[in-house]
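**Student:** Sharing a structure, written as structure tokens. Questions coming.
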Amino acid sequence: MKEKLMECGDLLEEVSLKCYNTFRVGGICKYLISPRNELELQKLICYLKEENISYFILGNGSNIIFSENYYDGVIILLKHFDQIHINETKVEVGAGVMMPTLAIKTIQSNLTGLEWSVGIPGSVGGCIYGNAEAYKESTFDHLESITLLTPENEIKTVPASSFTSGYRTSYFKENKGYIILSAVFHLTYGNQEESLKQVNKRREKRLSTQPLEYPSAGSVFRNPSKDFPSGKIIEDLGLKGKQIGGAAISTKHANFIINKGNATSNDIRNLIELVHQEVKEKENIDLVMEQEYVGWD
Ligand SMILES: Cc1cc2nc3c(=O)[nH]c(=O)nc-3n(C[C@H](O)[C@H](O)[C@H](O)COP(=O)(O)OP(=O)(O)OC[C@H]3O[C@@H](n4cnc5c(N)ncnc54)[C@H](O)[C@@H]3O)c2cc1C
């Protein structure tokens, strides 16, 4: 297996997943591989499917909760899918590029449209998968096309409008098996100074309203509705500051669970389940998670 994997990208063995997610938790994975190009990725997926080996496509790990279990499979990183090509108002970008990097690069090219995403610590692939959004703008709003590896292991470029998207979701979240390789964003010409002003203002707002000094994976639950934020519901139940082991509900923002330094995945999961149960019992609201558990089976 190892020899075969080495033909499909840069390979690491017995890797701590703690370094690969923003919660800084998780166990060891058997293999972590970074394919160097589309052909290697295609070859890799073909092999893993043939041999029935489990795998997971990892972006920046900012919306997932790895378990402490040994991951007896292959974690795939698209860090080599890192190209950015700007041609007038069209921006072609690899799935492994960080969304804030892309946003700043487009602003520097006098383009506007991605300012909203500067505070989102996700990759382009992860942001498309979950249709990341902020300040009433979302990833799909500016997408023209997506290049994918389909479940049939074919590379296809498809107009973004062919795929459904919604609040913190997309076709890819509902239909597993697609790998986003790259995308084209269609932006407009803007004013660099204005864009940077907006970015800085929002950065300050995030710093004062979100516990960015601690590891987390952003908001835990989706908001039941736009006027009914989960953070407010959790805060009103007096749960701010509640702690299990090293995991705590942030006192700054009640929809953030933070790692106070030594949290385990189990601490985080137990705290999430406690909040879910309390909200269900006391408010009769079935909160839906935004974050995703990985490797818990
Ligand atoms: C401090 C903080 C603030 C945040 N603020 C926001 C916010 O304002 N708005 C918001 O929407 N989110 C926010 N998030 C959550 C998170 O950053 C986003 O959901 C982001 O889009 C996740 O991207 P990722 O690359 O980290 O994905 P990961 O967490 O690595 O993966 C998430 C899912 O995407 C899939 N995936 C990743 N790459 C690909 C690919 N190339 N092809 C197919 N599937 C793929 C993974 O398999 C997984 O199922 C925040 C998180 C943090 C820590």
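Ligands are numbered from 1 in the order shown, chains are lettered A, B, ... in the order of the structure tokens, and residues start at 1 in each chain.
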Can you pull out the residues contacting Lys280 (chain A)? Cut-off 12 Å, using only C-alpha atoms, and skip same-chain residues under 6 positions away; I want them as a list in words.
**Tutor:** Ile233, Ile234, Leu237, Glu273, Leu274, Asp286, Leu287 and Val288 of chain A
**Student:** Give me, as a ChimeraX atom specification, the residues of region 72-209 of chain A that a backbone DSSP run labels strand (DSSP E or B).
**Tutor:** /A:72-77,84-87,90-94,98,111-112,123,133-134,137-138,143-149,155-159,165-166,169-170,179-186,188-189
**Student:** Using only N, CA and C atoms, please write the residues we just selected to a file, as a tab-separated table (two decimals), in the first residue's frame.
**Tutor:**
```
chain	number	residue	atom	x	y	z
A	72	ASP	N	-7.64	4.78	10.38
A	72	ASP	CA	-6.96	3.72	9.63
A	72	ASP	C	-7.24	3.87	8.14
A	73	GLY	N	-6.82	4.99	7.59
A	73	GLY	CA	-7.08	5.24	6.18
A	73	GLY	C	-6.19	6.37	5.71
A	74	VAL	N	-6.68	7.10	4.72
A	74	VAL	CA	-5.84	8.12	4.09
A	74	VAL	C	-6.54	9.48	4.15
A	75	ILE	N	-5.86	10.45	4.70
A	75	ILE	CA	-6.35	11.83	4.68
A	75	ILE	C	-5.69	12.52	3.49
A	76	ILE	N	-6.52	13.15	2.65
A	76	ILE	CA	-6.00	13.75	1.41
A	76	ILE	C	-6.02	15.27	1.54
A	77	LEU	N	-4.86	15.85	1.34
A	77	LEU	CA	-4.72	17.33	1.40
A	77	LEU	C	-4.50	17.85	-0.01
A	84	ILE	N	-3.32	30.56	-8.52
A	84	ILE	CA	-4.31	31.65	-8.69
A	84	ILE	C	-3.98	32.34	-10.01
A	85	HIS	N	-4.92	32.33	-10.96
A	85	HIS	CA	-4.71	33.04	-12.23
A	85	HIS	C	-5.78	34.11	-12.36
A	86	ILE	N	-5.36	35.36	-12.48
A	86	ILE	CA	-6.33	36.45	-12.62
A	86	ILE	C	-6.29	36.95	-14.05
A	87	ASN	N	-7.44	36.86	-14.72
A	87	ASN	CA	-7.53	37.35	-16.10
A	87	ASN	C	-8.68	38.35	-16.15
A	90	LYS	N	-12.00	37.65	-14.21
A	90	LYS	CA	-12.17	36.20	-13.92
A	90	LYS	C	-10.97	35.69	-13.14
A	91	VAL	N	-11.26	34.95	-12.09
A	91	VAL	CA	-10.19	34.46	-11.24
A	91	VAL	C	-10.29	32.95	-11.12
A	92	GLU	N	-9.29	32.27	-11.66
A	92	GLU	CA	-9.27	30.82	-11.56
A	92	GLU	C	-8.38	30.44	-10.38
A	93	VAL	N	-8.89	29.59	-9.51
A	93	VAL	CA	-8.15	29.32	-8.27
A	93	VAL	C	-8.23	27.83	-7.89
A	94	GLY	N	-7.12	27.31	-7.39
A	94	GLY	CA	-7.08	25.92	-6.94
A	94	GLY	C	-7.82	25.74	-5.63
A	98	MET	N	-6.20	29.25	0.39
A	98	MET	CA	-7.02	29.77	1.49
A	98	MET	C	-7.87	30.93	0.99
A	111	LEU	N	-9.96	44.22	-7.71
A	111	LEU	CA	-11.25	43.54	-7.92
A	111	LEU	C	-12.04	43.56	-6.62
A	112	THR	N	-13.35	43.56	-6.76
A	112	THR	CA	-14.22	43.53	-5.57
A	112	THR	C	-15.16	42.34	-5.67
A	123	SER	N	-10.33	26.76	3.15
A	123	SER	CA	-9.80	26.67	1.79
A	123	SER	C	-10.93	26.95	0.80
A	133	GLU	N	-20.29	31.71	4.15
A	133	GLU	CA	-20.87	33.04	3.95
A	133	GLU	C	-20.58	33.96	5.13
A	134	ALA	N	-20.67	35.23	4.86
A	134	ALA	CA	-20.55	36.24	5.91
A	134	ALA	C	-21.12	37.53	5.34
A	137	GLU	N	-23.21	37.65	2.14
A	137	GLU	CA	-22.66	37.23	0.84
A	137	GLU	C	-22.11	35.81	1.02
A	138	SER	N	-22.25	35.01	-0.03
A	138	SER	CA	-21.78	33.63	0.11
A	138	SER	C	-20.91	33.24	-1.08
A	143	LEU	N	-19.43	32.62	-7.87
A	143	LEU	CA	-18.80	31.49	-8.58
A	143	LEU	C	-19.33	31.38	-9.99
A	144	GLU	N	-18.43	31.19	-10.94
A	144	GLU	CA	-18.87	30.99	-12.32
A	144	GLU	C	-18.87	29.50	-12.68
A	145	SER	N	-17.76	28.83	-12.38
A	145	SER	CA	-17.71	27.39	-12.70
A	145	SER	C	-16.83	26.66	-11.68
A	146	ILE	N	-17.04	25.35	-11.65
A	146	ILE	CA	-16.28	24.52	-10.70
A	146	ILE	C	-15.70	23.34	-11.49
A	147	THR	N	-14.43	23.05	-11.25
A	147	THR	CA	-13.83	21.86	-11.86
A	147	THR	C	-13.74	20.78	-10.78
A	148	LEU	N	-14.26	19.61	-11.13
A	148	LEU	CA	-14.46	18.54	-10.15
A	148	LEU	C	-13.86	17.23	-10.58
A	149	LEU	N	-13.60	16.40	-9.57
A	149	LEU	CA	-13.38	14.99	-9.85
A	149	LEU	C	-14.70	14.33	-9.45
A	155	ILE	N	-12.75	14.10	-14.63
A	155	ILE	CA	-12.58	15.53	-14.36
A	155	ILE	C	-13.54	16.30	-15.26
A	156	LYS	N	-14.38	17.15	-14.63
A	156	LYS	CA	-15.38	17.91	-15.40
A	156	LYS	C	-15.41	19.35	-14.91
A	157	THR	N	-15.62	20.27	-15.85
A	157	THR	CA	-15.86	21.67	-15.45
A	157	THR	C	-17.32	21.97	-15.71
A	158	VAL	N	-18.00	22.43	-14.66
A	158	VAL	CA	-19.45	22.58	-14.72
A	158	VAL	C	-19.82	24.00	-14.26
A	159	PRO	N	-20.80	24.66	-14.94
A	159	PRO	CA	-21.22	25.98	-14.44
A	159	PRO	C	-21.72	25.87	-12.99
A	165	SER	N	-27.34	25.45	-3.92
A	165	SER	CA	-26.59	25.95	-2.76
A	165	SER	C	-27.58	26.64	-1.84
A	166	GLY	N	-27.23	26.72	-0.58
A	166	GLY	CA	-28.13	27.38	0.37
A	166	GLY	C	-27.35	27.82	1.58
A	169	THR	N	-24.75	25.33	3.01
A	169	THR	CA	-24.81	24.03	2.35
A	169	THR	C	-24.68	24.18	0.84
A	170	SER	N	-24.38	23.06	0.20
A	170	SER	CA	-24.31	23.04	-1.26
A	170	SER	C	-24.61	21.63	-1.73
A	179	ILE	N	-14.94	15.70	-5.60
A	179	ILE	CA	-13.78	16.45	-5.08
A	179	ILE	C	-13.64	17.72	-5.91
A	180	ILE	N	-13.66	18.84	-5.21
A	180	ILE	CA	-13.53	20.13	-5.89
A	180	ILE	C	-12.03	20.36	-6.14
A	181	LEU	N	-11.68	20.58	-7.40
A	181	LEU	CA	-10.27	20.74	-7.77
A	181	LEU	C	-9.90	22.22	-7.91
A	182	SER	N	-10.79	22.96	-8.57
A	182	SER	CA	-10.54	24.39	-8.76
A	182	SER	C	-11.87	25.07	-9.09
A	183	ALA	N	-11.83	26.39	-9.18
A	183	ALA	CA	-13.07	27.12	-9.48
A	183	ALA	C	-12.72	28.43	-10.17
A	184	VAL	N	-13.71	28.98	-10.88
A	184	VAL	CA	-13.55	30.32	-11.45
A	184	VAL	C	-14.57	31.24	-10.76
A	185	PHE	N	-14.04	32.30	-10.17
A	185	PHE	CA	-14.90	33.34	-9.59
A	185	PHE	C	-15.02	34.47	-10.59
A	186	HIS	N	-16.20	35.05	-10.70
A	186	HIS	CA	-16.39	36.20	-11.57
A	186	HIS	C	-16.61	37.43	-10.69
A	188	THR	N	-15.92	41.93	-10.04
A	188	THR	CA	-16.03	43.19	-10.80
A	188	THR	C	-14.88	44.11	-10.37
A	189	TYR	N	-14.60	45.13	-11.20
A	189	TYR	CA	-13.55	46.07	-10.82
A	189	TYR	C	-14.04	46.93	-9.66
```
**Student:** Can you tell me which residues come within 6 Å of ligand 1 when counting only C-alpha atoms and all ligand atoms, ideally as a ChimeraX atom specification?
**Tutor:** /A:22,56-64,95,120-123,125-127,129-130,132-134,178-181,212,216-218
**Student:** Kindly export the residues of the current selection with C-alpha atoms, as a PDB file, in the first residue's frame.
**Tutor:**
```pdb
ATOM      1  CA  THR A  22      -8.334  24.653  13.869  1.00  0.00           C
ATOM      2  CA  PHE A  56     -11.211  11.952   3.657  1.00  0.00           C
ATOM      3  CA  ILE A  57     -10.646  15.185   1.735  1.00  0.00           C
ATOM      4  CA  LEU A  58      -9.299  17.770   4.164  1.00  0.00           C
ATOM      5  CA  GLY A  59      -9.286  21.504   3.543  1.00  0.00           C
ATOM      6  CA  ASN A  60      -7.990  23.705   6.356  1.00  0.00           C
ATOM      7  CA  GLY A  61      -9.876  21.684   8.981  1.00  0.00           C
ATOM      8  CA  SER A  62     -11.822  24.724  10.170  1.00  0.00           C
ATOM      9  CA  ASN A  63     -15.273  23.150  10.113  1.00  0.00           C
ATOM     10  CA  ILE A  64     -14.630  19.624  11.346  1.00  0.00           C
ATOM     11  CA  ALA A  95      -9.163  24.267  -4.227  1.00  0.00           C
ATOM     12  CA  ILE A 120     -13.004  32.801   7.120  1.00  0.00           C
ATOM     13  CA  PRO A 121     -10.079  30.433   7.772  1.00  0.00           C
ATOM     14  CA  GLY A 122     -11.105  27.900   5.121  1.00  0.00           C
ATOM     15  CA  SER A 123      -9.798  26.673   1.787  1.00  0.00           C
ATOM     16  CA  GLY A 125     -12.660  23.761  -1.670  1.00  0.00           C
ATOM     17  CA  GLY A 126     -14.057  23.790   1.867  1.00  0.00           C
ATOM     18  CA  CYS A 127     -15.832  27.115   1.318  1.00  0.00           C
ATOM     19  CA  TYR A 129     -18.493  22.552  -0.123  1.00  0.00           C
ATOM     20  CA  GLY A 130     -20.249  24.362   2.741  1.00  0.00           C
ATOM     21  CA  ALA A 132     -19.305  29.649   3.405  1.00  0.00           C
ATOM     22  CA  GLU A 133     -20.865  33.042   3.952  1.00  0.00           C
ATOM     23  CA  ALA A 134     -20.554  36.242   5.912  1.00  0.00           C
ATOM     24  CA  TYR A 178     -17.196  14.861  -5.488  1.00  0.00           C
ATOM     25  CA  ILE A 179     -13.777  16.450  -5.078  1.00  0.00           C
ATOM     26  CA  ILE A 180     -13.525  20.134  -5.893  1.00  0.00           C
ATOM     27  CA  LEU A 181     -10.268  20.744  -7.769  1.00  0.00           C
ATOM     28  CA  LEU A 212     -10.199  34.213  18.007  1.00  0.00           C
ATOM     29  CA  SER A 216     -12.263  26.585  17.610  1.00  0.00           C
ATOM     30  CA  ALA A 217     -14.066  25.648  14.420  1.00  0.00           C
ATOM     31  CA  GLY A 218     -16.249  28.760  14.226  1.00  0.00           C
TER      32      GLY A 218
END
```
**Student:** Which distance in Å separates CA of Val199 (chain A) and CA of Val97 (chain A), to one decimal?
**Tutor:** 18.7 Å
**Student:** Which residues come within 12 Å of Gly246 (chain A), counting only C-alpha atoms, excluding same-chain residues fewer than 4 positions away, as a list in words?
**Tutor:**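 Returned residues: Phe23, Arg24, Val25, Tyr214, Pro215, Ser216, Gly241, Lys242, Ser250, Ile257, Ile258, Asn259, Lys260, Gly261, Asn262, Ala263, Thr264, Ser265, Asn266, Asp267, Ile268, Arg269, Asn270 and Leu271 of chain A.
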**Student:** With distances taken over only C-alpha atoms, which residue among A:Ser195, A:Thr139, A:Ser117, A:Ser230 lies nearest Val279 (chain A)?
**Tutor:**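 That would be A:Ser230, the residue with the smallest distance to Val279 (chain A).
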**Student:** For CA of Glu235 (chain A) and CA of Ser67 (chain A), quote the distance in Å rounded to one decimal.
**Tutor:** 26.8 Å
**Student:** Just to confirm, what's the straight-line distance from CA of Val118 (chain A) to CA of Arg168 (chain A) in Å (one decimal)?
**Tutor:** 16.8 Å
**Student:** Name the residues of region 41-188 of chain A that come out as helix (DSSP H, G or I) in a backbone DSSP run; write them as a VMD selection string.
**Tutor:** chain A and resid 41 to 50 99 to 108 115 to 119 124 to 129 139 to 142 160 to 162 171 to 174
**Student:** Store the residues picked out above, limited to N, CA and C atoms, as a compact mmCIF listing (two decimals), in the first residue's frame.
**Tutor:**
```txt
# COMPACT_ATOMS: atom_id res chain seq x y z
N LEU A 41 -4.05 12.65 -8.21
CA LEU A 41 -5.26 12.54 -7.39
C LEU A 41 -6.20 11.48 -7.99
N GLN A 42 -6.35 11.52 -9.29
CA GLN A 42 -7.21 10.55 -9.98
C GLN A 42 -6.73 9.12 -9.73
N LYS A 43 -5.41 8.95 -9.86
CA LYS A 43 -4.80 7.63 -9.66
C LYS A 43 -5.03 7.16 -8.21
N LEU A 44 -4.85 8.11 -7.29
CA LEU A 44 -5.02 7.82 -5.86
C LEU A 44 -6.45 7.35 -5.56
N ILE A 45 -7.42 8.12 -6.04
CA ILE A 45 -8.83 7.80 -5.74
C ILE A 45 -9.20 6.45 -6.34
N CYS A 46 -8.72 6.20 -7.55
CA CYS A 46 -8.99 4.94 -8.23
C CYS A 46 -8.46 3.78 -7.36
N TYR A 47 -7.24 3.91 -6.87
CA TYR A 47 -6.62 2.87 -6.05
C TYR A 47 -7.39 2.68 -4.73
N LEU A 48 -7.71 3.80 -4.06
CA LEU A 48 -8.37 3.70 -2.75
C LEU A 48 -9.75 3.03 -2.89
N LYS A 49 -10.44 3.36 -3.99
CA LYS A 49 -11.77 2.77 -4.20
C LYS A 49 -11.64 1.27 -4.50
N GLU A 50 -10.68 0.93 -5.35
CA GLU A 50 -10.47 -0.49 -5.71
C GLU A 50 -10.17 -1.33 -4.48
N MET A 99 -9.12 30.93 1.39
CA MET A 99 -10.06 31.96 0.93
C MET A 99 -9.56 33.39 1.25
N PRO A 100 -9.03 33.65 2.48
CA PRO A 100 -8.53 35.01 2.73
C PRO A 100 -7.36 35.39 1.82
N THR A 101 -6.51 34.43 1.48
CA THR A 101 -5.38 34.71 0.57
C THR A 101 -5.93 35.13 -0.78
N LEU A 102 -6.94 34.39 -1.24
CA LEU A 102 -7.55 34.71 -2.53
C LEU A 102 -8.18 36.10 -2.49
N ALA A 103 -8.91 36.37 -1.40
CA ALA A 103 -9.61 37.66 -1.30
C ALA A 103 -8.61 38.82 -1.35
N ILE A 104 -7.54 38.71 -0.59
CA ILE A 104 -6.55 39.80 -0.55
C ILE A 104 -5.89 39.96 -1.93
N LYS A 105 -5.60 38.84 -2.56
CA LYS A 105 -4.96 38.89 -3.89
C LYS A 105 -5.89 39.58 -4.91
N THR A 106 -7.18 39.31 -4.82
CA THR A 106 -8.11 39.93 -5.77
C THR A 106 -8.24 41.44 -5.48
N ILE A 107 -8.24 41.78 -4.19
CA ILE A 107 -8.31 43.21 -3.84
C ILE A 107 -7.08 43.93 -4.38
N GLN A 108 -5.92 43.28 -4.24
CA GLN A 108 -4.67 43.90 -4.75
C GLN A 108 -4.72 44.07 -6.27
N GLU A 115 -14.48 40.45 -0.40
CA GLU A 115 -14.07 41.08 0.86
C GLU A 115 -14.66 40.35 2.07
N TRP A 116 -15.90 39.90 1.94
CA TRP A 116 -16.63 39.25 3.03
C TRP A 116 -15.89 38.03 3.59
N SER A 117 -15.03 37.41 2.74
CA SER A 117 -14.47 36.12 3.13
C SER A 117 -13.12 36.22 3.85
N VAL A 118 -12.65 37.44 4.08
CA VAL A 118 -11.30 37.57 4.64
C VAL A 118 -11.17 36.94 6.04
N GLY A 119 -12.24 36.93 6.83
CA GLY A 119 -12.15 36.36 8.18
C GLY A 119 -12.47 34.87 8.25
N VAL A 124 -10.57 27.22 -0.44
CA VAL A 124 -11.59 27.45 -1.47
C VAL A 124 -12.48 26.20 -1.59
N GLY A 125 -11.87 25.01 -1.58
CA GLY A 125 -12.66 23.76 -1.67
C GLY A 125 -13.66 23.63 -0.53
N GLY A 126 -13.18 23.89 0.70
CA GLY A 126 -14.06 23.79 1.87
C GLY A 126 -15.16 24.84 1.84
N CYS A 127 -14.84 26.04 1.35
CA CYS A 127 -15.83 27.11 1.32
C CYS A 127 -16.91 26.83 0.26
N ILE A 128 -16.53 26.19 -0.84
CA ILE A 128 -17.54 25.83 -1.85
C ILE A 128 -18.42 24.70 -1.28
N TYR A 129 -17.77 23.71 -0.68
CA TYR A 129 -18.49 22.55 -0.12
C TYR A 129 -19.60 23.01 0.84
N THR A 139 -20.23 32.12 -0.91
CA THR A 139 -19.27 31.66 -1.93
C THR A 139 -19.93 31.52 -3.30
N PHE A 140 -21.11 30.90 -3.33
CA PHE A 140 -21.76 30.65 -4.61
C PHE A 140 -22.19 31.95 -5.33
N ASP A 141 -22.35 33.05 -4.58
CA ASP A 141 -22.77 34.32 -5.20
C ASP A 141 -21.81 34.75 -6.30
N HIS A 142 -20.54 34.37 -6.17
CA HIS A 142 -19.53 34.90 -7.08
C HIS A 142 -18.88 33.82 -7.94
N ALA A 160 -21.33 26.82 -12.16
CA ALA A 160 -21.72 26.76 -10.74
C ALA A 160 -23.23 26.79 -10.59
N SER A 161 -23.92 27.45 -11.55
CA SER A 161 -25.37 27.56 -11.46
C SER A 161 -26.07 26.20 -11.62
N SER A 162 -25.34 25.16 -12.05
CA SER A 162 -25.95 23.82 -12.17
C SER A 162 -26.10 23.17 -10.80
N TYR A 171 -24.72 21.50 -3.04
CA TYR A 171 -24.93 20.19 -3.66
C TYR A 171 -23.89 19.17 -3.14
N PHE A 172 -22.65 19.66 -2.94
CA PHE A 172 -21.55 18.75 -2.58
C PHE A 172 -21.66 18.24 -1.15
N LYS A 173 -22.31 19.01 -0.30
CA LYS A 173 -22.52 18.57 1.08
C LYS A 173 -23.63 17.51 1.10
N GLU A 174 -24.58 17.67 0.19
CA GLU A 174 -25.73 16.75 0.14
C GLU A 174 -25.41 15.49 -0.67
```
**Student:** Kindly indicate which residue among A:Lys79, A:His253, A:Arg202, A:Lys197 lies nearest to Ser219 (chain A), using only C-alpha atoms for the distances.
**Tutor:**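 Of all the options, A:His253 lies closest to Ser219 (chain A).
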